[in-house]
file start15.pdb (PDB, C-alpha atoms and all ligand atoms)
MODEL        1
ATOM      1  CA  MET A   1       0.000   0.000   0.000  1.00  0.00           C
ATOM      2  CA  LYS A   2       1.477   3.379  -1.044  1.00  0.00           C
ATOM      3  CA  VAL A   3       0.788   6.041   1.576  1.00  0.00           C
ATOM      4  CA  SER A   4       1.937   9.616   2.181  1.00  0.00           C
ATOM      5  CA  LEU A   5       4.956  10.485   4.295  1.00  0.00           C
ATOM      6  CA  ARG A   6       2.535  12.021   6.824  1.00  0.00           C
ATOM      7  CA  ILE A   7       0.584   8.760   7.229  1.00  0.00           C
ATOM      8  CA  GLU A   8       3.851   6.773   7.421  1.00  0.00           C
ATOM      9  CA  GLN A   9       5.157   9.075  10.163  1.00  0.00           C
ATOM     10  CA  LEU A  10       1.908   8.799  12.132  1.00  0.00           C
ATOM     11  CA  SER A  11       2.142   5.007  11.939  1.00  0.00           C
ATOM     12  CA  ALA A  12       5.800   5.077  13.037  1.00  0.00           C
ATOM     13  CA  MET A  13       4.831   7.060  16.142  1.00  0.00           C
ATOM     14  CA  VAL A  14       2.641   4.176  17.345  1.00  0.00           C
ATOM     15  CA  CYS A  15       5.540   2.389  18.968  1.00  0.00           C
ATOM     16  CA  LYS A  16       3.926   0.151  21.570  1.00  0.00           C
ATOM     17  CA  PRO A  17       1.064  -2.353  21.337  1.00  0.00           C
ATOM     18  CA  TYR A  18      -2.496  -1.242  22.152  1.00  0.00           C
ATOM     19  CA  THR A  19      -5.605  -3.349  22.733  1.00  0.00           C
ATOM     20  CA  HIS A  20      -7.853  -0.829  20.932  1.00  0.00           C
ATOM     21  CA  VAL A  21      -6.780   1.801  18.402  1.00  0.00           C
ATOM     22  CA  TRP A  22      -9.262   4.184  16.782  1.00  0.00           C
ATOM     23  CA  ASP A  23      -8.520   5.558  13.286  1.00  0.00           C
ATOM     24  CA  CYS A  24     -10.919   8.520  13.464  1.00  0.00           C
ATOM     25  CA  CYS A  25     -12.042  10.618  10.467  1.00  0.00           C
ATOM     26  CA  CYS A  26     -10.403   7.719   8.640  1.00  0.00           C
ATOM     27  CA  ASP A  27     -11.634   8.334   5.057  1.00  0.00           C
ATOM     28  CA  HIS A  28      -9.914   5.474   3.138  1.00  0.00           C
ATOM     29  CA  GLY A  29      -8.474   4.135   6.391  1.00  0.00           C
ATOM     30  CA  PHE A  30      -4.832   4.020   5.286  1.00  0.00           C
ATOM     31  CA  LEU A  31      -3.419   4.728   8.748  1.00  0.00           C
ATOM     32  CA  GLY A  32      -5.466   1.993  10.415  1.00  0.00           C
ATOM     33  CA  GLN A  33      -4.523  -0.454   7.657  1.00  0.00           C
ATOM     34  CA  LEU A  34      -0.818   0.210   8.256  1.00  0.00           C
ATOM     35  CA  LEU A  35      -1.347  -0.654  11.910  1.00  0.00           C
ATOM     36  CA  LEU A  36      -3.202  -3.849  10.941  1.00  0.00           C
ATOM     37  CA  GLU A  37      -0.215  -4.802   8.767  1.00  0.00           C
ATOM     38  CA  ARG A  38       2.195  -4.117  11.621  1.00  0.00           C
ATOM     39  CA  GLU A  39      -0.054  -6.057  14.037  1.00  0.00           C
ATOM     40  CA  GLN A  40       0.280  -3.149  16.432  1.00  0.00           C
ATOM     41  CA  ALA A  41      -3.235  -3.353  17.881  1.00  0.00           C
ATOM     42  CA  GLY A  42      -5.548  -6.022  19.252  1.00  0.00           C
ATOM     43  CA  CYS A  43      -8.367  -4.368  17.307  1.00  0.00           C
ATOM     44  CA  VAL A  44      -8.325  -1.392  14.924  1.00  0.00           C
ATOM     45  CA  HIS A  45     -11.574   0.605  14.833  1.00  0.00           C
ATOM     46  CA  PHE A  46     -12.207   2.628  11.662  1.00  0.00           C
ATOM     47  CA  VAL A  47     -14.530   5.635  12.160  1.00  0.00           C
ATOM     48  CA  ASP A  48     -15.989   8.133   9.695  1.00  0.00           C
ATOM     49  CA  VAL A  49     -19.375   9.818   9.219  1.00  0.00           C
ATOM     50  CA  VAL A  50     -19.729   9.119   5.484  1.00  0.00           C
ATOM     51  CA  PRO A  51     -21.708   5.866   4.940  1.00  0.00           C
ATOM     52  CA  ALA A  52     -20.508   5.239   1.345  1.00  0.00           C
ATOM     53  CA  LEU A  53     -16.862   5.532   2.406  1.00  0.00           C
ATOM     54  CA  MET A  54     -17.337   3.124   5.264  1.00  0.00           C
ATOM     55  CA  GLN A  55     -19.144   0.568   3.079  1.00  0.00           C
ATOM     56  CA  GLN A  56     -16.252   0.620   0.569  1.00  0.00           C
ATOM     57  CA  LEU A  57     -13.711   0.346   3.372  1.00  0.00           C
ATOM     58  CA  GLU A  58     -15.516  -2.617   4.902  1.00  0.00           C
ATOM     59  CA  VAL A  59     -15.398  -4.491   1.562  1.00  0.00           C
ATOM     60  CA  ARG A  60     -11.674  -3.761   1.277  1.00  0.00           C
ATOM     61  CA  LEU A  61     -10.938  -4.886   4.832  1.00  0.00           C
ATOM     62  CA  GLU A  62     -12.905  -8.114   4.291  1.00  0.00           C
ATOM     63  CA  GLN A  63     -10.823  -8.799   1.170  1.00  0.00           C
ATOM     64  CA  ASP A  64      -7.359  -7.877   2.447  1.00  0.00           C
ATOM     65  CA  TYR A  65      -7.477  -8.170   6.237  1.00  0.00           C
ATOM     66  CA  SER A  66      -9.914 -11.007   6.940  1.00  0.00           C
ATOM     67  CA  ARG A  67      -7.494 -12.630   9.397  1.00  0.00           C
ATOM     68  CA  HIS A  68      -7.013  -9.411  11.403  1.00  0.00           C
ATOM     69  CA  SER A  69      -9.254  -7.930  14.063  1.00  0.00           C
ATOM     70  CA  TRP A  70     -11.017  -4.713  13.016  1.00  0.00           C
ATOM     71  CA  LEU A  71     -14.397  -2.988  13.237  1.00  0.00           C
ATOM     72  CA  VAL A  72     -15.962  -0.292  11.073  1.00  0.00           C
ATOM     73  CA  HIS A  73     -18.129   2.378  12.745  1.00  0.00           C
ATOM     74  CA  CYS A  74     -20.097   4.908  10.741  1.00  0.00           C
ATOM     75  CA  LEU A  75     -20.560   7.653  13.305  1.00  0.00           C
ATOM     76  CA  ASP A  76     -19.516  11.074  14.564  1.00  0.00           C
ATOM     77  CA  VAL A  77     -16.138  10.826  16.303  1.00  0.00           C
ATOM     78  CA  ALA A  78     -17.594  12.889  19.174  1.00  0.00           C
ATOM     79  CA  GLN A  79     -19.725   9.795  19.963  1.00  0.00           C
ATOM     80  CA  LEU A  80     -16.997   7.124  20.157  1.00  0.00           C
ATOM     81  CA  PRO A  81     -18.287   4.124  22.190  1.00  0.00           C
ATOM     82  CA  LEU A  82     -15.064   3.792  24.208  1.00  0.00           C
ATOM     83  CA  ASP A  83     -16.905   2.428  27.272  1.00  0.00           C
ATOM     84  CA  LYS A  84     -17.674  -0.799  25.397  1.00  0.00           C
ATOM     85  CA  TYR A  85     -13.962  -1.608  25.059  1.00  0.00           C
ATOM     86  CA  THR A  86     -12.533  -1.128  28.523  1.00  0.00           C
ATOM     87  CA  ASP A  87     -11.812  -4.877  28.951  1.00  0.00           C
ATOM     88  CA  ASP A  88      -8.221  -4.558  30.212  1.00  0.00           C
ATOM     89  CA  GLN A  89      -8.169  -0.946  31.559  1.00  0.00           C
ATOM     90  CA  ALA A  90      -5.211  -0.240  29.230  1.00  0.00           C
ATOM     91  CA  PRO A  91      -5.212   3.158  27.495  1.00  0.00           C
ATOM     92  CA  GLN A  92      -7.003   3.204  24.144  1.00  0.00           C
ATOM     93  CA  LEU A  93      -5.248   5.127  21.356  1.00  0.00           C
ATOM     94  CA  ILE A  94      -7.376   7.632  19.437  1.00  0.00           C
ATOM     95  CA  MET A  95      -5.852   8.904  16.189  1.00  0.00           C
ATOM     96  CA  ILE A  96      -7.294  11.996  14.481  1.00  0.00           C
ATOM     97  CA  ALA A  97      -5.467  13.330  11.420  1.00  0.00           C
ATOM     98  CA  GLY A  98      -6.184  15.365   8.322  1.00  0.00           C
ATOM     99  CA  VAL A  99      -8.906  17.600   9.785  1.00  0.00           C
ATOM    100  CA  GLY A 100      -8.765  21.289  10.709  1.00  0.00           C
ATOM    101  CA  GLY A 101      -7.560  22.324  14.140  1.00  0.00           C
ATOM    102  CA  ASP A 102     -10.955  23.699  15.226  1.00  0.00           C
ATOM    103  CA  LEU A 103     -12.790  20.438  14.483  1.00  0.00           C
ATOM    104  CA  LEU A 104      -9.977  18.425  16.042  1.00  0.00           C
ATOM    105  CA  VAL A 105     -10.221  20.412  19.290  1.00  0.00           C
ATOM    106  CA  ASP A 106     -14.030  19.973  19.344  1.00  0.00           C
ATOM    107  CA  LEU A 107     -13.651  16.203  18.900  1.00  0.00           C
ATOM    108  CA  VAL A 108     -10.946  15.735  21.540  1.00  0.00           C
ATOM    109  CA  THR A 109     -12.933  17.924  23.973  1.00  0.00           C
ATOM    110  CA  ALA A 110     -16.123  15.898  23.392  1.00  0.00           C
ATOM    111  CA  ILE A 111     -14.269  12.599  23.899  1.00  0.00           C
ATOM    112  CA  ARG A 112     -12.565  13.792  27.111  1.00  0.00           C
ATOM    113  CA  GLN A 113     -15.854  15.133  28.500  1.00  0.00           C
ATOM    114  CA  ALA A 114     -17.744  11.924  27.672  1.00  0.00           C
ATOM    115  CA  HIS A 115     -15.080   9.678  29.270  1.00  0.00           C
ATOM    116  CA  PRO A 116     -13.486  11.659  32.108  1.00  0.00           C
ATOM    117  CA  GLY A 117     -12.224   8.577  33.982  1.00  0.00           C
ATOM    118  CA  LEU A 118     -10.780   6.546  31.101  1.00  0.00           C
ATOM    119  CA  PRO A 119      -7.022   6.403  30.440  1.00  0.00           C
ATOM    120  CA  LEU A 120      -6.661   7.696  26.877  1.00  0.00           C
ATOM    121  CA  GLU A 121      -3.893   8.507  24.430  1.00  0.00           C
ATOM    122  CA  PHE A 122      -4.339  10.703  21.363  1.00  0.00           C
ATOM    123  CA  LEU A 123      -2.214  10.818  18.214  1.00  0.00           C
ATOM    124  CA  LEU A 124      -3.135  14.045  16.456  1.00  0.00           C
ATOM    125  CA  CYS A 125      -2.178  15.736  13.211  1.00  0.00           C
ATOM    126  CA  PRO A 126      -4.237  18.860  12.586  1.00  0.00           C
ATOM    127  CA  VAL A 127      -4.339  20.766   9.339  1.00  0.00           C
ATOM    128  CA  TYR A 128      -3.480  24.322  10.517  1.00  0.00           C
ATOM    129  CA  HIS A 129      -4.110  25.978  13.917  1.00  0.00           C
ATOM    130  CA  ASN A 130      -1.397  24.096  15.763  1.00  0.00           C
ATOM    131  CA  TYR A 131      -0.987  26.808  18.412  1.00  0.00           C
ATOM    132  CA  LYS A 132      -4.710  26.689  19.218  1.00  0.00           C
ATOM    133  CA  VAL A 133      -4.695  22.869  19.326  1.00  0.00           C
ATOM    134  CA  ARG A 134      -1.706  22.799  21.670  1.00  0.00           C
ATOM    135  CA  ARG A 135      -3.278  25.328  24.063  1.00  0.00           C
ATOM    136  CA  ALA A 136      -6.527  23.349  24.077  1.00  0.00           C
ATOM    137  CA  LEU A 137      -4.747  20.038  24.831  1.00  0.00           C
ATOM    138  CA  ALA A 138      -3.005  21.578  27.812  1.00  0.00           C
ATOM    139  CA  GLY A 139      -6.421  22.803  29.034  1.00  0.00           C
ATOM    140  CA  LEU A 140      -7.856  19.272  28.722  1.00  0.00           C
ATOM    141  CA  SER A 141      -5.198  17.891  31.137  1.00  0.00           C
ATOM    142  CA  LEU A 142      -3.401  15.963  28.425  1.00  0.00           C
ATOM    143  CA  GLY A 143       0.376  15.656  28.749  1.00  0.00           C
ATOM    144  CA  LEU A 144       2.984  15.183  26.053  1.00  0.00           C
ATOM    145  CA  VAL A 145       4.297  11.756  25.043  1.00  0.00           C
ATOM    146  CA  ASN A 146       6.013  12.751  21.803  1.00  0.00           C
ATOM    147  CA  GLU A 147       5.822  15.330  19.037  1.00  0.00           C
ATOM    148  CA  CYS A 148       7.320  15.792  15.611  1.00  0.00           C
ATOM    149  CA  LEU A 149       7.386  18.187  12.693  1.00  0.00           C
ATOM    150  CA  LEU A 150       7.494  17.076   9.088  1.00  0.00           C
ATOM    151  CA  GLU A 151       7.156  18.410   5.575  1.00  0.00           C
ATOM    152  CA  ASP A 152       5.113  16.412   3.099  1.00  0.00           C
ATOM    153  CA  LYS A 153       4.274  17.623  -0.407  1.00  0.00           C
ATOM    154  CA  GLN A 154       5.331  21.203   0.416  1.00  0.00           C
ATOM    155  CA  ARG A 155       3.131  21.392   3.507  1.00  0.00           C
ATOM    156  CA  PHE A 156       4.242  21.325   7.120  1.00  0.00           C
ATOM    157  CA  TYR A 157       2.559  19.134   9.716  1.00  0.00           C
ATOM    158  CA  GLU A 158       2.928  18.874  13.475  1.00  0.00           C
ATOM    159  CA  ILE A 159       2.126  15.494  14.997  1.00  0.00           C
ATOM    160  CA  LEU A 160       1.284  15.337  18.689  1.00  0.00           C
ATOM    161  CA  HIS A 161       1.071  12.224  20.857  1.00  0.00           C
ATOM    162  CA  VAL A 162      -0.560  13.118  24.172  1.00  0.00           C
ATOM    163  CA  SER A 163      -1.905  11.121  27.095  1.00  0.00           C
ATOM    164  CA  THR A 164      -4.067  11.436  30.187  1.00  0.00           C
ATOM    165  CA  GLU A 165      -1.210   9.626  31.990  1.00  0.00           C
ATOM    166  CA  SER A 166       1.593  12.051  31.093  1.00  0.00           C
ATOM    167  CA  ALA A 167       2.513  15.021  33.288  1.00  0.00           C
ATOM    168  CA  GLU A 168       4.826  16.626  30.697  1.00  0.00           C
ATOM    169  CA  PRO A 169       3.308  19.967  29.673  1.00  0.00           C
ATOM    170  CA  VAL A 170       2.324  20.481  26.029  1.00  0.00           C
ATOM    171  CA  SER A 171       4.191  23.578  24.838  1.00  0.00           C
ATOM    172  CA  ALA A 172       2.125  26.101  22.865  1.00  0.00           C
ATOM    173  CA  VAL A 173       4.783  26.329  20.141  1.00  0.00           C
ATOM    174  CA  GLY A 174       6.440  22.933  20.416  1.00  0.00           C
ATOM    175  CA  ASP A 175       9.484  21.951  22.358  1.00  0.00           C
ATOM    176  CA  ARG A 176      11.283  18.698  21.714  1.00  0.00           C
ATOM    177  CA  MET A 177      10.086  18.527  18.066  1.00  0.00           C
ATOM    178  CA  TRP A 178      12.389  21.369  16.992  1.00  0.00           C
ATOM    179  CA  ASP A 179      15.750  20.772  15.323  1.00  0.00           C
ATOM    180  CA  PHE A 180      16.930  24.266  14.437  1.00  0.00           C
ATOM    181  CA  SER A 181      19.864  22.916  12.439  1.00  0.00           C
ATOM    182  CA  SER A 182      17.331  21.528   9.933  1.00  0.00           C
ATOM    183  CA  ALA A 183      16.476  23.737   6.940  1.00  0.00           C
ATOM    184  CA  VAL A 184      12.912  22.382   6.995  1.00  0.00           C
ATOM    185  CA  HIS A 185      12.422  23.407  10.630  1.00  0.00           C
ATOM    186  CA  GLN A 186      13.971  26.841  10.033  1.00  0.00           C
ATOM    187  CA  SER A 187      11.688  27.399   7.097  1.00  0.00           C
ATOM    188  CA  TYR A 188       8.600  26.326   9.098  1.00  0.00           C
ATOM    189  CA  LEU A 189       9.441  28.717  11.943  1.00  0.00           C
ATOM    190  CA  LEU A 190      10.021  31.662   9.599  1.00  0.00           C
ATOM    191  CA  GLN A 191       6.838  30.884   7.660  1.00  0.00           C
ATOM    192  CA  THR A 192       4.814  30.678  10.886  1.00  0.00           C
ATOM    193  CA  ILE A 193       6.204  33.994  12.162  1.00  0.00           C
ATOM    194  CA  SER A 194       5.431  35.682   8.811  1.00  0.00           C
ATOM    195  CA  HIS A 195       1.893  34.292   8.970  1.00  0.00           C
ATOM    196  CA  TYR A 196       1.278  35.820  12.409  1.00  0.00           C
ATOM    197  CA  GLN A 197       2.969  39.086  11.396  1.00  0.00           C
ATOM    198  CA  ARG A 198       0.501  39.374   8.488  1.00  0.00           C
ATOM    199  CA  MET A 199      -2.425  38.546  10.790  1.00  0.00           C
ATOM    200  CA  SER A 200      -1.331  41.132  13.350  1.00  0.00           C
ATOM    201  CA  GLY A 201      -2.272  43.800  10.784  1.00  0.00           C
ATOM    202  CA  ASN A 202      -5.922  42.843  11.281  1.00  0.00           C
ATOM    203  CA  PRO A 203      -7.323  44.890  14.213  1.00  0.00           C
ATOM    204  CA  ARG A 204     -10.132  42.353  14.743  1.00  0.00           C
ATOM    205  CA  GLN A 205      -7.720  39.538  15.589  1.00  0.00           C
ATOM    206  CA  ASP A 206      -5.269  39.639  18.468  1.00  0.00           C
ATOM    207  CA  VAL A 207      -2.394  37.285  17.675  1.00  0.00           C
ATOM    208  CA  SER A 208       0.203  39.061  19.819  1.00  0.00           C
ATOM    209  CA  ALA A 209       0.606  36.028  22.144  1.00  0.00           C
ATOM    210  CA  GLU A 210       1.200  33.685  19.191  1.00  0.00           C
ATOM    211  CA  LEU A 211       3.668  36.088  17.547  1.00  0.00           C
ATOM    212  CA  THR A 212       5.640  36.663  20.753  1.00  0.00           C
ATOM    213  CA  ALA A 213       5.767  32.925  21.493  1.00  0.00           C
ATOM    214  CA  TYR A 214       7.082  31.945  18.039  1.00  0.00           C
ATOM    215  CA  GLN A 215       9.512  34.877  17.949  1.00  0.00           C
ATOM    216  CA  GLY A 216      10.784  33.621  21.318  1.00  0.00           C
ATOM    217  CA  LEU A 217      12.173  30.582  19.488  1.00  0.00           C
ATOM    218  CA  LEU A 218      14.378  32.726  17.222  1.00  0.00           C
ATOM    219  CA  PRO A 219      17.372  32.887  19.625  1.00  0.00           C
ATOM    220  CA  ASP A 220      17.468  29.037  19.653  1.00  0.00           C
ATOM    221  CA  PHE A 221      17.344  29.107  15.872  1.00  0.00           C
ATOM    222  CA  VAL A 222      20.177  31.647  15.594  1.00  0.00           C
ATOM    223  CA  CYS A 223      22.369  29.751  18.097  1.00  0.00           C
ATOM    224  CA  SER A 224      22.024  26.373  16.377  1.00  0.00           C
TER
HETATM  225  C1  LIG B   1      -9.407  14.688   4.760  1.00  0.00           C
HETATM  226  S1  LIG B   1     -10.092  13.251   5.460  1.00  0.00           S
HETATM  227  C2  LIG B   1      -8.766  12.725   6.500  1.00  0.00           C
HETATM  228  C3  LIG B   1      -8.377  11.317   6.188  1.00  0.00           C
HETATM  229  C4  LIG B   1      -7.218  10.744   6.988  1.00  0.00           C
HETATM  230  N1  LIG B   1      -7.488  10.754   8.416  1.00  0.00           N
HETATM  231  C5  LIG B   1      -5.924  11.479   6.705  1.00  0.00           C
HETATM  232  O1  LIG B   1      -5.289  11.981   7.634  1.00  0.00           O
HETATM  233  O2  LIG B   1      -5.524  11.533   5.540  1.00  0.00           O
HETATM  234  C6  LIG B   1     -11.266  13.888   6.623  1.00  0.00           C
HETATM  235  C7  LIG B   1     -12.374  12.886   6.975  1.00  0.00           C
HETATM  236  O3  LIG B   1     -12.991  13.293   8.199  1.00  0.00           O
HETATM  237  C8  LIG B   1     -14.341  12.865   8.176  1.00  0.00           C
HETATM  238  N2  LIG B   1     -15.035  13.583   9.254  1.00  0.00           N
HETATM  239  C9  LIG B   1     -15.196  14.921   9.394  1.00  0.00           C
HETATM  240  N3  LIG B   1     -15.859  15.191  10.542  1.00  0.00           N
HETATM  241  C10 LIG B   1     -16.106  14.002  11.153  1.00  0.00           C
HETATM  242  C11 LIG B   1     -16.736  13.631  12.376  1.00  0.00           C
HETATM  243  N4  LIG B   1     -17.234  14.546  13.209  1.00  0.00           N
HETATM  244  N5  LIG B   1     -16.822  12.328  12.687  1.00  0.00           N
HETATM  245  C12 LIG B   1     -16.319  11.381  11.846  1.00  0.00           C
HETATM  246  N6  LIG B   1     -15.706  11.670  10.669  1.00  0.00           N
HETATM  247  C13 LIG B   1     -15.597  12.969  10.337  1.00  0.00           C
HETATM  248  C14 LIG B   1     -14.764  13.191   6.746  1.00  0.00           C
HETATM  249  O4  LIG B   1     -15.883  12.444   6.375  1.00  0.00           O
HETATM  250  C15 LIG B   1     -13.489  12.801   5.953  1.00  0.00           C
HETATM  251  O5  LIG B   1     -13.582  11.492   5.445  1.00  0.00           O
ENDMDL
END
call {"tool": "encode", "arguments": {"input": "start15.pdb", "output": "structure tokens"}}
result
Amino acid sequence: MKVSLRIEQLSAMVCKPYTHVWDCCCDHGFLGQLLLEREQAGCVHFVDVVPALMQQLEVRLEQDYSRHSWLVHCLDVAQLPLDKYTDDQAPQLIMIAGVGGDLLVDLVTAIRQAHPGLPLEFLLCPVYHNYKVRRALAGLSLGLVNECLLEDKQRFYEILHVSTESAEPVSAVGDRMWDFSSAVHQSYLLQTISHYQRMSGNPRQDVSAELTAYQGLLPDFVCS
């Protein structure tokens, strides 16, 4: 199966076995299928709201992964039935990638509110609004497990692995993901600062906190 660098990187960041993994907003379900191939999960749950997509995916999974354990759910990710799968009390891994930051925050918030006592891990890759996502995760008492920055097809992506069991704060602008000796990372930081500089010209939007926080990384960049 040929998948994007972004999907490959997400799969590589699942580096321990889980009993239940949820590929949310899965579309064609490539990420979940990679995990089935790597036998990284007891059961992979594929979730999307579009019935036609989920019917096609089910046919494909029956053809190619009949010996693996998977389930297809056609529903809103805000309604994940996590309570049904708490057999071993181990954290379930919820992956949400390829959706905008605002929707991603709404989904993670709904899941946390619906299951306040469950140990959960999230692997997240928003499209845009990384600062907002990071602030929201910190507010939902989720701590950092790992984070990374990558460029795929001329777009930058931040990937965040967070957990209810981690006490490591989630930085608003990223911390351990940065490698300021990398040209890709330098270019992402400069592009992000330029973006907020342009936005700061709009009197209806206050992005001074974002701009100051990203500019605060410049000394690290210059020293590297
Ligand atoms: C661009 S695709 C992302 C596919 C894949 N996760 C990726 O990273 O490439 C976005 C998918 O999210 C689904 N989606 C959007 N909102 C959703 C929700 N609230 N619940 C479930 N699926 C949703 C859409 O139907 C669509 O298939």
call {"tool": "closest_residue", "arguments": {"input": "start15.pdb", "among": "A:Glu151, A:Asp23, A:Asp64, A:Glu37", "to": "Ile96 in chain A", "atoms": "all atoms listed in the file"}}
result
A:Asp23
call {"tool": "resolve_selection", "arguments": {"input": "start15.pdb", "expression": "the PyMOL selection byres (((not hetatm)) within 6 of (chain B and resi 1))", "output": "JSON, numbers by chain"}}
result
{"A": [25, 26, 27, 48, 49, 50, 75, 76, 77, 97, 98, 99]}
call {"tool": "resolve_selection", "arguments": {"input": "start15.pdb", "expression": "the PyMOL selection byres (((chain A and resi 126-129) around 8) and not hetatm)", "output": "ChimeraX atom specification"}}
result
/A:96-102,104,124-125,130-133,157-159
call {"tool": "write_last_selection", "arguments": {"input": "start15.pdb", "atoms": "C-alpha atoms", "output": "PDB file, in the coordinates of the input"}}
result
ATOM      1  CA  ILE A  96      -7.294  11.996  14.481  1.00  0.00           C
ATOM      2  CA  ALA A  97      -5.467  13.330  11.420  1.00  0.00           C
ATOM      3  CA  GLY A  98      -6.184  15.365   8.322  1.00  0.00           C
ATOM      4  CA  VAL A  99      -8.906  17.600   9.785  1.00  0.00           C
ATOM      5  CA  GLY A 100      -8.765  21.289  10.709  1.00  0.00           C
ATOM      6  CA  GLY A 101      -7.560  22.324  14.140  1.00  0.00           C
ATOM      7  CA  ASP A 102     -10.955  23.699  15.226  1.00  0.00           C
ATOM      8  CA  LEU A 104      -9.977  18.425  16.042  1.00  0.00           C
ATOM      9  CA  LEU A 124      -3.135  14.045  16.456  1.00  0.00           C
ATOM     10  CA  CYS A 125      -2.178  15.736  13.211  1.00  0.00           C
ATOM     11  CA  ASN A 130      -1.397  24.096  15.763  1.00  0.00           C
ATOM     12  CA  TYR A 131      -0.987  26.808  18.412  1.00  0.00           C
ATOM     13  CA  LYS A 132      -4.710  26.689  19.218  1.00  0.00           C
ATOM     14  CA  VAL A 133      -4.695  22.869  19.326  1.00  0.00           C
ATOM     15  CA  TYR A 157       2.559  19.134   9.716  1.00  0.00           C
ATOM     16  CA  GLU A 158       2.928  18.874  13.475  1.00  0.00           C
ATOM     17  CA  ILE A 159       2.126  15.494  14.997  1.00  0.00           C
TER      18      ILE A 159
END
call {"tool": "residues_around", "arguments": {"input": "start15.pdb", "residues": "Gly29 in chain A", "least_positions_apart": "4", "cutoff": "10 Å", "atoms": "all atoms listed in the file", "output": "PyMOL selection string"}}
result
chain A and resi 23-25+33-34+45-48+53-54+57-58+60-61+72
call {"tool": "residues_around", "arguments": {"input": "start15.pdb", "residues": "Gln191 in chain A", "least_positions_apart": "3", "cutoff": "12 Å", "atoms": "all atoms listed in the file", "output": "number ranges by chain"}}
result
A: 155-156, 184-188, 194-198, 211, 214-215
call {"tool": "residues_around", "arguments": {"input": "start15.pdb", "residues": "Val14 in chain A", "least_positions_apart": "3", "cutoff": "12 Å", "atoms": "all atoms listed in the file", "output": "count of residues only"}}
result
34
call {"tool": "resolve_selection", "arguments": {"input": "start15.pdb", "expression": "the PyMOL selection byres (((chain A and resi 169) around 10) and not hetatm)", "output": "list in words"}}
result
Arg134, Leu137, Ala138, Ser141, Leu142, Gly143, Leu144, Val145, Val162, Ser166, Ala167, Glu168, Val170, Ser171, Ala172 and Asp175 of chain A
call {"tool": "atom_distance", "arguments": {"input": "start15.pdb", "atom1": "CA of Arg112 in chain A", "atom2": "CA of Thr86 in chain A"}}
result
15.0 Å
call {"tool": "closest_residue", "arguments": {"input": "start15.pdb", "among": "A:Cys15, A:Ala90, A:Ala213, A:Leu107", "to": "Thr192 in chain A", "atoms": "only C-alpha atoms"}}
result
A:Ala213
call {"tool": "atom_distance", "arguments": {"input": "start15.pdb", "atom1": "CA of Gln113 in chain A", "atom2": "CA of Thr19 in chain A"}}
result
21.9 Å
call {"tool": "closest_residue", "arguments": {"input": "start15.pdb", "among": "A:Pro116, A:Gly42, A:Pro51, A:Gly139", "to": "Ser69 in chain A", "atoms": "all atoms listed in the file"}}
result
A:Gly42
call {"tool": "closest_residue", "arguments": {"input": "start15.pdb", "among": "A:Val105, A:Met199, A:Leu71, A:Val222", "to": "Ser182 in chain A", "atoms": "only C-alpha atoms"}}
result
A:Val222
call {"tool": "closest_residue", "arguments": {"input": "start15.pdb", "among": "A:Asn202, A:Ser181, A:Gln56, A:Gln89", "to": "Asp220 in chain A", "atoms": "all atoms listed in the file"}}
result
A:Ser181
call {"tool": "atom_distance", "arguments": {"input": "start15.pdb", "atom1": "CA of Leu218 in chain A", "atom2": "CA of Leu149 in chain A"}}
result
16.8 Å
call {"tool": "axis_aligned_box", "arguments": {"input": "start15.pdb", "around": "range 36-46 of chain A", "padding_each_side": "6 Å", "output": "JSON"}}
result
{"center_x": -5.0, "center_y": -1.7, "center_z": 14.0, "size_x": 26.4, "size_y": 20.7, "size_z": 22.5}
call {"tool": "decode", "arguments": {"input": "start15.pdb", "residues": "range 170-179 of chain A", "atoms": "N, CA and C atoms", "output": "PDB file, in the first residue's frame"}}
result
ATOM      1  N   VAL A 170       2.309  20.300  27.491  1.00  0.00           N
ATOM      2  CA  VAL A 170       2.324  20.481  26.029  1.00  0.00           C
ATOM      3  C   VAL A 170       2.660  21.949  25.775  1.00  0.00           C
ATOM      4  N   SER A 171       3.791  22.195  25.124  1.00  0.00           N
ATOM      5  CA  SER A 171       4.191  23.578  24.838  1.00  0.00           C
ATOM      6  C   SER A 171       3.299  24.157  23.739  1.00  0.00           C
ATOM      7  N   ALA A 172       3.003  25.458  23.856  1.00  0.00           N
ATOM      8  CA  ALA A 172       2.125  26.101  22.865  1.00  0.00           C
ATOM      9  C   ALA A 172       2.772  26.195  21.484  1.00  0.00           C
ATOM     10  N   VAL A 173       4.102  26.187  21.440  1.00  0.00           N
ATOM     11  CA  VAL A 173       4.783  26.329  20.141  1.00  0.00           C
ATOM     12  C   VAL A 173       5.669  25.124  19.822  1.00  0.00           C
ATOM     13  N   GLY A 174       5.592  24.105  20.655  1.00  0.00           N
ATOM     14  CA  GLY A 174       6.440  22.933  20.416  1.00  0.00           C
ATOM     15  C   GLY A 174       7.744  23.068  21.170  1.00  0.00           C
ATOM     16  N   ASP A 175       8.271  21.927  21.556  1.00  0.00           N
ATOM     17  CA  ASP A 175       9.484  21.951  22.358  1.00  0.00           C
ATOM     18  C   ASP A 175      10.467  20.941  21.778  1.00  0.00           C
ATOM     19  N   ARG A 176      10.281  19.676  22.139  1.00  0.00           N
ATOM     20  CA  ARG A 176      11.283  18.698  21.714  1.00  0.00           C
ATOM     21  C   ARG A 176      11.208  18.376  20.218  1.00  0.00           C
ATOM     22  N   MET A 177      10.174  18.830  19.508  1.00  0.00           N
ATOM     23  CA  MET A 177      10.086  18.527  18.066  1.00  0.00           C
ATOM     24  C   MET A 177      11.105  19.339  17.243  1.00  0.00           C
ATOM     25  N   TRP A 178      11.567  20.465  17.805  1.00  0.00           N
ATOM     26  CA  TRP A 178      12.389  21.369  16.992  1.00  0.00           C
ATOM     27  C   TRP A 178      13.827  20.880  16.843  1.00  0.00           C
ATOM     28  N   ASP A 179      14.325  20.984  15.606  1.00  0.00           N
ATOM     29  CA  ASP A 179      15.750  20.772  15.323  1.00  0.00           C
ATOM     30  C   ASP A 179      16.162  21.981  14.478  1.00  0.00           C
TER      31      ASP A 179
END
